[in-house]
Every structure is written in structure tokens, then in C-alpha cells.
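Student: Next up, data-v9.txt (compact mmCIF, C-alpha atoms).
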# COMPACT_ATOMS: atom_id res chain seq x y z
CA MET A 19 0.00 0.00 0.00
CA PRO A 20 1.41 3.45 -0.85
CA GLU A 21 2.42 5.37 2.26
CA GLU A 22 0.01 8.22 1.43
CA SER A 23 -3.00 5.86 1.43
CA ALA A 24 -2.36 4.64 4.97
CA ALA A 25 -4.34 6.41 7.67
CA THR A 26 -2.40 8.44 10.23
CA PRO A 27 -2.78 7.77 13.96
CA ALA A 28 -4.91 10.92 14.20
CA GLU A 29 -7.24 9.64 11.47
CA ILE A 30 -7.43 6.25 13.15
CA THR A 31 -8.31 7.85 16.48
CA THR A 32 -11.00 9.99 14.88
CA ALA A 33 -12.46 6.97 13.10
CA MET A 34 -12.59 5.08 16.40
CA GLU A 35 -14.31 7.95 18.20
CA VAL A 36 -17.13 8.15 15.65
CA LEU A 37 -17.91 4.41 15.56
CA THR A 38 -21.58 3.75 16.30
CA ALA A 39 -22.74 1.41 19.05
CA ALA A 40 -23.68 -1.20 16.44
CA ALA A 41 -20.24 -0.98 14.84
CA LEU A 42 -18.49 -1.38 18.20
CA LEU A 43 -20.66 -4.37 19.10
CA ARG A 44 -20.07 -5.88 15.67
CA LEU A 45 -16.33 -5.72 16.33
CA ARG A 46 -16.68 -7.28 19.76
CA ASN A 47 -18.95 -10.06 18.55
CA TYR A 48 -16.65 -10.81 15.63
CA ALA A 49 -13.71 -11.08 18.03
CA ARG A 50 -15.77 -13.29 20.35
CA TRP A 51 -16.58 -15.90 17.70
CA ARG A 52 -13.03 -15.92 16.35
CA VAL A 53 -11.59 -16.53 19.80
CA ARG A 54 -14.14 -19.28 20.48
CA GLY A 55 -13.03 -20.95 17.28
CA LEU A 56 -9.50 -21.16 18.64
CA GLY A 57 -10.54 -23.50 21.44
CA ARG A 58 -7.47 -24.38 23.50
CA LYS A 59 -5.29 -22.59 20.99
CA ALA A 60 -6.59 -19.33 22.42
CA ALA A 61 -4.27 -20.11 25.35
CA GLY A 62 -6.29 -17.85 27.63
CA ARG A 63 -6.40 -14.92 25.20
CA THR A 64 -9.72 -13.09 25.07
CA GLU A 65 -11.84 -11.21 22.56
CA THR A 66 -10.72 -7.97 24.22
CA GLU A 67 -7.08 -8.84 23.60
CA LEU A 68 -7.82 -9.66 19.98
CA LEU A 69 -9.53 -6.32 19.45
CA ALA A 70 -6.79 -4.42 21.30
CA ASP A 71 -4.09 -6.18 19.28
CA ALA A 72 -5.81 -5.20 16.05
CA MET A 73 -6.01 -1.56 17.18
CA ASN A 74 -2.39 -1.53 18.39
CA ALA A 75 -1.15 -3.04 15.13
CA THR A 76 -3.06 -0.39 13.18
CA LEU A 77 -1.71 2.52 15.23
CA GLU A 78 1.84 1.18 15.06
CA GLY A 79 1.58 0.78 11.29
CA LYS A 80 2.09 -2.98 11.39
CA ARG A 81 -1.31 -3.34 9.74
CA ARG A 82 -2.04 -0.27 7.71
CA TRP A 83 -5.55 0.94 7.20
CA ASN A 84 -6.14 1.96 3.59
CA LYS A 85 -9.01 4.33 4.27
CA ASP A 86 -9.68 4.75 0.55
CA LYS A 87 -10.48 1.07 0.09
CA VAL A 88 -12.13 -0.16 3.27
CA ASP A 89 -13.99 1.41 6.18
CA PHE A 90 -12.52 1.28 9.67
CA VAL A 91 -14.70 -1.61 10.86
CA GLY A 92 -13.79 -3.62 7.77
CA HIS A 93 -10.12 -2.93 8.42
CA LEU A 94 -10.27 -4.01 12.08
CA VAL A 95 -12.22 -7.13 11.13
CA GLY A 96 -9.51 -8.02 8.63
CA ALA A 97 -6.80 -7.37 11.19
CA MET A 98 -8.55 -9.57 13.77
CA ARG A 99 -9.03 -12.34 11.21
CA SER A 100 -5.35 -12.25 10.42
CA ILE A 101 -4.16 -12.00 14.03
CA SER A 102 -6.38 -14.85 15.25
CA SER A 103 -5.21 -17.03 12.35
CA HIS A 104 -1.66 -16.22 13.42
CA TRP A 105 -2.45 -17.23 17.02
CA ARG A 106 -3.84 -20.48 15.70
CA GLY A 107 -0.67 -21.17 13.71
CA GLN A 108 1.58 -20.12 16.58
CA SER A 109 -0.08 -22.54 18.89
CA LYS A 110 0.06 -25.30 16.32
CA SER A 111 3.80 -25.04 15.84
CA ALA A 112 4.83 -24.16 19.35
CA ASP A 113 2.48 -25.80 21.76
CA GLU A 114 0.36 -28.41 20.19
CA ALA A 115 0.80 -31.97 19.12
CA THR A 116 -0.53 -33.15 15.80
CA LEU A 117 -3.14 -35.83 16.14
CA GLU A 118 -1.90 -39.13 14.87
CA SER A 119 -5.25 -39.61 13.11
CA ASP A 120 -4.43 -36.52 11.00
CA LEU A 121 -1.40 -38.25 9.59
CA LEU A 122 -2.87 -41.66 8.87
CA ARG A 123 -2.57 -42.61 5.23
CA THR A 124 -4.42 -45.50 3.64
CA THR A 125 -3.09 -47.44 0.66
CA GLU A 126 -5.29 -48.65 -2.20
CA ASP A 127 -5.36 -52.04 -0.47
CA GLY A 128 -6.80 -50.49 2.65
CA GLU A 129 -3.61 -50.77 4.66
CA VAL A 130 -3.31 -47.95 7.14
CA LEU A 131 0.16 -46.41 7.18
CA ARG A 132 1.28 -44.81 10.41
CA PRO A 133 3.85 -42.08 9.71
CA PHE A 134 4.82 -41.84 13.36
CA ASP A 135 6.02 -45.42 13.26
CA LEU A 136 8.38 -44.51 10.44
CA VAL A 137 9.68 -41.27 11.94
CA PRO A 138 10.17 -41.82 15.66
CA SER A 139 11.75 -38.41 16.23
CA GLU A 140 8.50 -36.73 15.14
CA GLU A 141 6.39 -38.70 17.58
CA PRO A 142 4.62 -36.48 20.11
CA GLY A 143 5.34 -37.14 23.72
CA PRO A 144 2.66 -38.66 25.94
CA ASP A 145 1.72 -35.26 27.36
CA GLU A 146 1.32 -33.70 23.93
CA GLU A 147 -0.75 -36.60 22.68
CA LEU A 148 -2.94 -36.43 25.77
CA GLU A 149 -3.39 -32.69 25.27
CA ALA A 150 -4.35 -33.16 21.61
CA ASN A 151 -6.78 -35.93 22.48
CA GLU A 152 -8.38 -33.87 25.24
CA SER A 153 -8.70 -30.95 22.88
CA GLN A 154 -10.41 -33.14 20.27
CA SER A 155 -12.66 -34.59 22.95
CA GLU A 156 -13.73 -31.12 24.11
CA ALA A 157 -14.39 -30.05 20.53
CA ARG A 158 -16.41 -33.21 19.92
CA THR A 159 -18.63 -32.49 22.92
CA ARG A 160 -19.27 -28.95 21.70
CA VAL A 161 -19.89 -29.95 18.08
CA GLU A 162 -22.29 -32.74 19.04
CA ALA A 163 -24.17 -30.42 21.41
CA ILE A 164 -24.64 -27.92 18.61
CA GLU A 165 -25.71 -30.61 16.13
CA ASN A 166 -28.24 -31.97 18.60
CA ALA A 167 -29.56 -28.51 19.42
CA PHE A 168 -30.31 -27.83 15.75
CA ALA A 169 -31.46 -31.28 14.70
CA ASP A 170 -34.99 -29.92 14.27
CA ASP A 171 -33.84 -27.10 11.98
CA PRO A 172 -33.24 -28.57 8.50
CA VAL A 173 -31.55 -25.48 7.02
CA ILE A 174 -29.11 -25.06 9.86
CA SER A 175 -28.44 -28.79 9.94
CA LEU A 176 -27.50 -28.66 6.27
CA ILE A 177 -25.32 -25.59 6.81
CA LEU A 178 -23.54 -27.34 9.68
CA ASP A 179 -23.08 -30.41 7.50
CA GLY A 180 -21.50 -28.32 4.74
CA LEU A 181 -19.14 -26.56 7.14
CA ARG A 182 -18.27 -29.95 8.64
CA GLN A 183 -17.18 -31.09 5.22
CA GLY A 184 -14.80 -28.16 4.99
CA MET A 185 -16.87 -25.97 2.65
CA THR A 186 -16.57 -22.21 2.90
CA PRO A 187 -19.74 -20.32 3.89
CA GLY A 188 -20.10 -19.13 0.28
CA LYS A 189 -19.81 -22.67 -1.03
CA VAL A 190 -22.34 -23.93 1.52
CA ARG A 191 -24.80 -21.26 0.45
CA ALA A 192 -24.29 -22.10 -3.23
CA GLU A 193 -24.58 -25.86 -2.65
CA LEU A 194 -27.81 -25.42 -0.73
CA GLU A 195 -29.07 -22.90 -3.29
CA LEU A 196 -29.83 -20.41 -0.54
CA SER A 197 -30.11 -16.72 -1.31
CA GLN A 198 -27.78 -14.42 0.64
CA THR A 199 -30.76 -13.32 2.73
CA GLU A 200 -31.85 -16.89 3.47
CA TYR A 201 -28.33 -17.82 4.47
CA GLU A 202 -27.91 -14.77 6.70
CA THR A 203 -31.31 -15.34 8.29
CA ALA A 204 -30.29 -18.91 9.14
CA MET A 205 -26.94 -17.76 10.54
CA ASN A 206 -28.67 -15.09 12.64
CA ARG A 207 -30.94 -17.81 14.02
CA LEU A 208 -27.90 -19.96 14.78
CA ARG A 209 -26.12 -17.09 16.58
CA ARG A 210 -29.15 -16.16 18.64
CA ARG A 211 -29.89 -19.70 19.75
CA MET A 212 -26.28 -20.41 20.60
CA ARG A 213 -26.16 -17.20 22.58
CA ALA A 214 -29.37 -18.12 24.38
CA ALA A 215 -27.92 -21.55 25.12
CA ALA A 216 -24.86 -19.90 26.63
CA GLY A 217 -27.12 -17.82 28.83
CA SER A 218 -28.67 -21.00 30.17
CA GLY A 219 -25.26 -22.44 31.00
CA ALA A 220 -24.57 -24.41 27.84
CA SER A 221 -20.99 -24.64 26.72
CA ASP A 222 -21.22 -22.56 23.55
CA ALA A 223 -22.13 -19.02 22.66
CA MET B 25 -11.37 -48.66 3.45
CA PRO B 26 -11.56 -47.16 6.97
CA GLU B 27 -13.50 -43.91 7.25
CA LYS B 28 -11.37 -40.86 7.99
CA PRO B 29 -11.93 -39.87 11.60
CA ARG B 30 -13.76 -36.59 12.11
CA ASP B 31 -11.63 -33.65 13.06
CA TYR B 32 -13.93 -32.01 15.60
CA GLU B 33 -11.54 -29.16 16.28
CA ALA B 34 -11.51 -28.19 12.60
CA GLU B 35 -15.30 -28.51 12.44
CA LEU B 36 -15.78 -26.30 15.47
CA ARG B 37 -13.32 -23.76 14.10
CA ALA B 38 -15.12 -23.67 10.74
CA LEU B 39 -18.45 -23.13 12.46
CA MET B 40 -17.18 -20.36 14.74
CA ASP B 41 -15.42 -18.65 11.84
CA ALA B 42 -18.64 -18.82 9.80
CA LEU B 43 -20.52 -17.28 12.73
CA ALA B 44 -17.88 -14.53 12.98
CA GLU B 45 -18.24 -13.75 9.28
CA SER B 46 -22.03 -13.72 9.63
CA VAL B 47 -21.65 -10.95 12.21
CA VAL B 48 -19.95 -8.84 9.54
CA GLU B 49 -22.97 -9.29 7.28
CA ALA B 50 -25.61 -8.72 9.97
CA THR B 51 -27.54 -5.44 9.99
CA ASP B 52 -27.10 -2.90 12.78
CA GLU B 53 -30.63 -3.67 13.98
CA GLU B 54 -29.86 -7.39 14.24
CA ILE B 55 -26.69 -6.71 16.20
CA ILE B 56 -28.50 -4.44 18.65
CA SER B 57 -31.53 -6.70 19.06
CA GLU B 58 -29.29 -9.74 19.67
CA MET B 59 -27.66 -7.86 22.50
CA ARG B 60 -30.99 -6.94 24.04
CA GLU B 61 -32.21 -10.53 23.76
CA GLY B 62 -29.06 -11.59 25.58
CA GLY B 63 -29.94 -9.21 28.41
CA GLU B 64 -27.09 -6.79 27.70
CA ASP B 65 -27.41 -3.02 27.49
CA PRO B 66 -26.11 -2.25 23.96
CA ALA B 67 -25.05 1.31 24.80
CA ALA B 68 -23.08 0.27 27.87
CA ALA B 69 -21.50 -2.71 26.10
CA ALA B 70 -20.55 -0.52 23.15
CA GLU B 71 -18.85 2.03 25.40
CA GLY B 72 -16.95 -0.84 27.01
CA VAL B 73 -15.61 -1.75 23.56
CA ARG B 74 -14.73 1.89 22.86
CA ALA B 75 -12.84 2.01 26.15
CA VAL B 76 -10.69 -0.90 24.98
CA LEU B 77 -9.88 0.97 21.77
CA ARG B 78 -9.22 4.23 23.64
CA HIS B 79 -6.86 2.43 25.96
CA ALA B 80 -4.91 1.25 22.91
CA VAL B 81 -4.73 4.83 21.62
CA LYS B 82 -3.51 6.10 24.98
CA ALA B 83 -0.86 3.40 25.17
CA TYR B 84 0.26 4.31 21.66
CA GLU B 85 0.46 8.03 22.53
CA GLN B 86 2.48 7.28 25.62
CA ARG B 87 4.85 4.86 23.92
CA HIS B 88 7.80 7.30 23.89
CA LEU B 89 7.30 8.03 27.57
CA ARG B 90 7.08 4.31 28.28
CA GLU B 91 10.20 3.58 26.23
CA ALA B 92 12.09 6.35 28.05
CA GLN B 93 10.92 4.99 31.41
CA GLU B 94 12.04 1.47 30.45
CA ALA B 95 15.42 2.75 29.24
CA TYR B 96 15.86 4.70 32.48
CA GLU B 97 14.97 1.66 34.59
CA LYS B 98 17.44 -0.45 32.63
CA ARG B 99 20.20 2.10 33.17
CA VAL B 100 19.46 2.32 36.89
CA ASP B 101 19.36 -1.44 37.13
CA ALA B 102 22.69 -1.72 35.29
CA ILE B 103 24.26 0.81 37.65
CA ARG B 104 22.87 -0.99 40.69
CA ARG B 105 24.17 -4.33 39.55
CA ARG B 106 27.60 -2.98 38.77
CA THR B 107 30.14 -3.65 41.48
CA PHE B 108 33.07 -1.39 42.02
CA SER B 109 36.27 -2.55 43.57
CA LEU B 110 37.57 0.52 45.28
CA PRO B 111 41.26 0.67 46.10
CA THR B 112 41.90 -1.14 49.34
CA ALA B 113 44.46 1.31 50.71
CA PRO B 114 42.94 4.47 52.27
CA GLU B 115 45.58 6.65 50.64
CA SER B 116 44.73 5.26 47.19
CA ARG B 117 41.03 5.96 47.77
CA ARG B 118 41.89 9.52 48.81
CA LYS B 119 43.91 9.97 45.59
CA LEU B 120 41.04 8.55 43.53
CA LEU B 121 38.57 11.00 45.04
CA ALA B 122 41.00 13.84 44.33
CA VAL B 123 41.23 12.74 40.69
CA VAL B 124 37.45 12.57 40.37
CA MET B 125 36.97 16.00 41.91
CA THR B 126 39.65 17.51 39.69
CA ARG B 127 38.16 16.13 36.52
CA LYS B 128 34.56 16.73 37.62
CA PRO B 129 34.55 20.14 39.25
CA ASP B 130 30.75 20.25 39.14
CA LEU B 131 30.64 17.29 41.49
CA ARG B 132 32.89 19.03 43.91
CA SER B 133 30.41 21.85 44.37
CA ALA B 134 27.53 19.41 44.63
CA LEU B 135 29.10 17.03 47.12
CA VAL B 136 31.54 18.98 49.16
CA THR B 137 30.33 21.57 51.60
CA LEU B 138 32.25 24.80 51.96
CA GLN B 139 33.72 23.98 55.34
CA HIS B 140 34.92 20.59 54.09
CA ARG B 141 36.43 21.83 50.88
CA ASP B 142 39.79 20.42 51.81
CA PHE B 143 39.79 16.60 51.57
CA LYS B 144 42.59 16.44 54.08
CA GLU B 145 40.00 16.98 56.76
CA TRP B 146 37.97 13.99 55.59
CA THR B 147 38.24 10.72 57.40
CA ASP B 148 38.93 7.52 55.47
CA THR B 149 35.33 6.50 56.11
CA ASP B 150 34.04 9.80 54.66
CA ILE B 151 36.04 9.19 51.51
CA GLN B 152 34.94 5.59 51.19
CA ASN B 153 31.26 6.57 51.59
CA CYS B 154 31.63 9.32 49.03
CA LEU B 155 33.29 6.98 46.51
CA GLU B 156 30.61 4.35 47.05
CA GLN B 157 27.90 6.90 46.35
CA LEU B 158 29.70 8.05 43.22
CA GLY B 159 30.03 4.42 42.15
CA ALA B 160 26.29 3.86 42.62
CA LEU B 161 25.60 6.93 40.49
CA GLY B 162 27.76 5.53 37.70
CA VAL B 163 30.30 8.35 37.95
CA LEU B 164 33.28 6.05 38.53
CA ALA B 165 32.81 4.14 35.28
CA GLU B 166 35.12 6.51 33.43
CA PHE B 167 37.73 6.28 36.19
CA GLU B 168 38.08 2.52 35.77
CA GLY B 169 41.83 2.84 35.37
CA SER B 170 42.11 4.78 38.61
CA LEU B 171 40.42 2.13 40.71
CA SER B 172 43.53 0.17 41.55
CA ASP B 173 45.90 0.62 44.45
CA GLU B 174 48.75 1.18 42.02
CA GLN B 175 47.56 4.66 41.09
Show me, as C-alpha cells, the structure contained in the file I just sent.

Tutor:
Amino acid sequence: MPEESAATPAEITTAMEVLTAAALLRLRNYARWRVRGLGRKAAGRTETELLADAMNATLEGKRRWNKDKVDFVGHLVGAMRSISSHWRGQSKSADEATLESDLLRTTEDGEVLRPFDLVPSEEPGPDEELEANESQSEARTRVEAIENAFADDPVISLILDGLRQGMTPGKVRAELELSQTEYETAMNRLRRRMRAAAGSGASDA
Amino acid sequence: MPEKPRDYEAELRALMDALAESVVEATDEEIISEMREGGEDPAAAAEGVRAVLRHAVKAYEQRHLREAQEAYEKRVDAIRRRTFSLPTAPESRRKLLAVVMTRKPDLRSALVTLQHRDFKEWTDTDIQNCLEQLGALGVLAEFEGSLSDEQ
């Protein structure tokens, strides 16, 4: 980005001061879902830290805001997306074991190859393997709770199924032939019910 | 062929990321009404978020002050941790103080009172205390070569 397109700290501060309540809450809620998606990889970091990191990085010029191309909320959302992805990667390389099941390879004859058996030095220690298994177990509990909670909602069930298969939201919407409005209405329903479930002590949202 | 085990962490992450992106697309009215349904006061919650952002601005504005404070604390810490081996012989210490006062006349006026202008009146303990204070202040660093008894 050309230097002249990047907002100055004074422009950034002004943009922050004029954010509406809805814009501020949008930022917080975005941060909240991103941090929830990190699971254990969040390593205790919160939505507030994610938002503060995005603001700090913008002020320090590490993540420049091109005010001619994107509004301030869009910029902070992008910064938070990038920072939380970085946290995820950091944790993966530094703290977390890879699940052995991720590395299983099956030959055409159906023989399961175990890479860890071939490369002993790469084998995670017992603690790392336990940590990874516990993390998977926690995620499984949460995913199954969500699936059960929306079993009576065919649209959301199909959306969840698409996401489970690794589709992007756009691909899910296209596959299900949902209009943008139908998709957003379903996602709003999902957010609200998960939030309500959290209020009643459920594990998510 | 065995079925690939489900990666629940990846599934959960994909769902939460999709929910995050759906927040970006939601209307202002939806955002506000979701908050109300959750029992939160949107205005108060929003100001809480603004406070987080303002705090970041304040920290950014004070970064030079903070850096200067950190540099100062490091310097003080380095001085405190530095150990000076003063000459062991009282006469050598007296000579060292004389050298310091000659080369740093400003210190003389700051440390030596009028009636004790002449070091000859100082006891060995007075001189040792004075040198130790100068050492703690980092003044003796440039007199490294004068810190031995051979001077």
C-alpha cells in the first residue's frame, strides 16, 4: 500500500471515536466468535485482547488501514481475522501436538500407514498426545451439542453439514441454493440460539 | 477402506469462523436486538468496547514516555548491579577522590560543603562513603583505570 494511502494515527483515532454502538458491538462479537473458534489454541487470550491487538497493530503501522479502500470496521475485522489465524498457527507449531489420526494414510489395499512409526523423532510425547486428544474430545462435545440442538432445523443442519465437510460459507450457500438473505437469516438464528444456550449455561455461545 | 476420523476441532473452528463472518454481514438492527435478547445493554456494552480501543490509543500516545521509562529503569538497574572494587588502601582511595573532583569540578560543588572543601580533613570513612555513592551513580565508570591501588 502506498504510504500516502495509509491512515495516520490521528485519522485512526478519529475513526474510532465516531464508531456507532452497532459498529463497536459488531467488532466485539466478531472477536468473540473468532476466539471461540480457537478452542485451547486461544491459550487464555480473550476477545478484548484480539480487538486491542488489532487496534495496536493499526496505530503502530504494522497493519495499515487503507481508508480509501475499506472502512474502519472492515479494516479491524480483517486485522482480527489475520491475528487470530496467526495465534492459531503459533499454537500449532509451538504448543500443540498433531493428532496421529491426522497423519494416517491408507493405501489402495486399505492398509493404514502410520507415519509416526516410520519417523520416531517426530512422535509427540505422551503429554502432547494427551493434550491433543483432550482438545479433540472437548471439541467433539461442543460440536455434538450444537448438532443436537439444531437437529430440528433442516436449514441449519444442512449448513452445519457443509461446514463440517470443509466448505466455505459461500460454497455452503451455493450448494444449498440459498439466497444471501436466506443464508444470513439462518446464521442469525444460529447465533441467537447459541447465545441463548450460553445464557442458560450451555458450553457454547 | 476405513472412514477418515472426524476432526472435531476443525469442524468447530469452521463453524465459529462462519458465525464470525455472519456478524460482519448482519444489519445494525440485528446486532442491537441480539444484544438486548441476551440481556445486555447495547449502549453500555458498546462504550466498554470503545474504552478498549481508547486504551490502545492512549498506550500508543504514551509509547515514547514508556520507552524512556524502560530505558531509564534499565540504566538504573545496570548501575545498581555494577560492582566497584575501590582501592583497598585508604591513601589510594583519597587519591582517587581527588582525581574525580579535579576532573569533575561540578561534582565538587555538589558534594563537598564549603567547610569541608579540603579533603585532608575527611576521614577515610568519609572518603569511602563518598566513593561508594559516586560508584552507585555511575560516575566512577570513566575512572576505571584509577580504581587500583597502584595509582

Student: List as a list in words the protein and nucleic acid residues near stretch 63-73 of chain A, meaning an atom at most 9 Å away when only C-alpha atoms are counted, but skip any in the same chain fewer than 4 places from it.

Tutor: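 My reading of the contact set: Ile30, Leu45, Arg46, Asn47, Tyr48, Ala49, Arg50, Trp51, Arg52, Val53, Arg54, Lys59, Leu77, Glu78, Arg81, Leu94, Val95, Gly96, Ala97, Met98, Ile101 and Ser102 of chain A; Val73, Val76, Leu77, His79, Ala80 and Val81 of chain B.
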
Student: Give me, as a PDB file with C-alpha atoms, in the frame of the given file, the contact residues of chain A against chain B at a cut-off of 8 Å, counting only C-alpha atoms.

Tutor:
ATOM      1  CA  THR A  31      -8.310   7.850  16.480  1.00  0.00           C
ATOM      2  CA  MET A  34     -12.590   5.080  16.400  1.00  0.00           C
ATOM      3  CA  GLU A  35     -14.310   7.950  18.200  1.00  0.00           C
ATOM      4  CA  ALA A  39     -22.740   1.410  19.050  1.00  0.00           C
ATOM      5  CA  ALA A  40     -23.680  -1.200  16.440  1.00  0.00           C
ATOM      6  CA  ALA A  41     -20.240  -0.980  14.840  1.00  0.00           C
ATOM      7  CA  LEU A  42     -18.490  -1.380  18.200  1.00  0.00           C
ATOM      8  CA  LEU A  43     -20.660  -4.370  19.100  1.00  0.00           C
ATOM      9  CA  ARG A  44     -20.070  -5.880  15.670  1.00  0.00           C
ATOM     10  CA  ARG A  46     -16.680  -7.280  19.760  1.00  0.00           C
ATOM     11  CA  ASN A  47     -18.950 -10.060  18.550  1.00  0.00           C
ATOM     12  CA  TYR A  48     -16.650 -10.810  15.630  1.00  0.00           C
ATOM     13  CA  ALA A  49     -13.710 -11.080  18.030  1.00  0.00           C
ATOM     14  CA  ARG A  50     -15.770 -13.290  20.350  1.00  0.00           C
ATOM     15  CA  TRP A  51     -16.580 -15.900  17.700  1.00  0.00           C
ATOM     16  CA  ARG A  52     -13.030 -15.920  16.350  1.00  0.00           C
ATOM     17  CA  ARG A  54     -14.140 -19.280  20.480  1.00  0.00           C
ATOM     18  CA  GLY A  55     -13.030 -20.950  17.280  1.00  0.00           C
ATOM     19  CA  LEU A  56      -9.500 -21.160  18.640  1.00  0.00           C
ATOM     20  CA  GLY A  57     -10.540 -23.500  21.440  1.00  0.00           C
ATOM     21  CA  THR A  66     -10.720  -7.970  24.220  1.00  0.00           C
ATOM     22  CA  LEU A  69      -9.530  -6.320  19.450  1.00  0.00           C
ATOM     23  CA  ALA A  70      -6.790  -4.420  21.300  1.00  0.00           C
ATOM     24  CA  MET A  73      -6.010  -1.560  17.180  1.00  0.00           C
ATOM     25  CA  ASN A  74      -2.390  -1.530  18.390  1.00  0.00           C
ATOM     26  CA  LEU A  77      -1.710   2.520  15.230  1.00  0.00           C
ATOM     27  CA  GLU A  78       1.840   1.180  15.060  1.00  0.00           C
ATOM     28  CA  SER A 119      -5.250 -39.610  13.110  1.00  0.00           C
ATOM     29  CA  THR A 124      -4.420 -45.500   3.640  1.00  0.00           C
ATOM     30  CA  ASP A 127      -5.360 -52.040  -0.470  1.00  0.00           C
ATOM     31  CA  GLY A 128      -6.800 -50.490   2.650  1.00  0.00           C
ATOM     32  CA  SER A 153      -8.700 -30.950  22.880  1.00  0.00           C
ATOM     33  CA  GLN A 154     -10.410 -33.140  20.270  1.00  0.00           C
ATOM     34  CA  SER A 155     -12.660 -34.590  22.950  1.00  0.00           C
ATOM     35  CA  ALA A 157     -14.390 -30.050  20.530  1.00  0.00           C
ATOM     36  CA  ARG A 158     -16.410 -33.210  19.920  1.00  0.00           C
ATOM     37  CA  ARG A 160     -19.270 -28.950  21.700  1.00  0.00           C
ATOM     38  CA  VAL A 161     -19.890 -29.950  18.080  1.00  0.00           C
ATOM     39  CA  LEU A 178     -23.540 -27.340   9.680  1.00  0.00           C
ATOM     40  CA  LEU A 181     -19.140 -26.560   7.140  1.00  0.00           C
ATOM     41  CA  ARG A 182     -18.270 -29.950   8.640  1.00  0.00           C
ATOM     42  CA  GLN A 183     -17.180 -31.090   5.220  1.00  0.00           C
ATOM     43  CA  GLY A 184     -14.800 -28.160   4.990  1.00  0.00           C
ATOM     44  CA  THR A 186     -16.570 -22.210   2.900  1.00  0.00           C
ATOM     45  CA  PRO A 187     -19.740 -20.320   3.890  1.00  0.00           C
ATOM     46  CA  GLU A 202     -27.910 -14.770   6.700  1.00  0.00           C
ATOM     47  CA  MET A 205     -26.940 -17.760  10.540  1.00  0.00           C
ATOM     48  CA  ASN A 206     -28.670 -15.090  12.640  1.00  0.00           C
ATOM     49  CA  ARG A 209     -26.120 -17.090  16.580  1.00  0.00           C
ATOM     50  CA  ARG A 210     -29.150 -16.160  18.640  1.00  0.00           C
ATOM     51  CA  ARG A 213     -26.160 -17.200  22.580  1.00  0.00           C
ATOM     52  CA  ALA A 214     -29.370 -18.120  24.380  1.00  0.00           C
ATOM     53  CA  GLY A 217     -27.120 -17.820  28.830  1.00  0.00           C
TER      54      GLY A 217
END

Student: Could you jot down the atom CA of B:Gly159 to atom CA of B:Tyr96 separation for me, Å, one decimal place?

Tutor: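 Pair atom CA of B:Gly159 / atom CA of B:Tyr96 returns 17.2 Å.
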
Student: Tell me which protein, DNA and RNA residues are within 10 Å of B:Gly162, counting all atoms listed in the file, leaving out same-chain ones fewer than 4 positions away, and put them as a PyMOL selection string.

Tutor: chain B and resi 99-100+102-104+106+108+156-158+166

Student: State, in Å with one decimal place, the distance from atom CA of B:Lys144 to atom CA of B:Pro111.

Tutor: 17.7 Å

Student: Grab the atom CA of A:Glu200 to atom CA of A:Gly180 distance for me, in Å with one decimal place.

Tutor: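 Rounded to one decimal, the two atoms are 15.5 Å apart.
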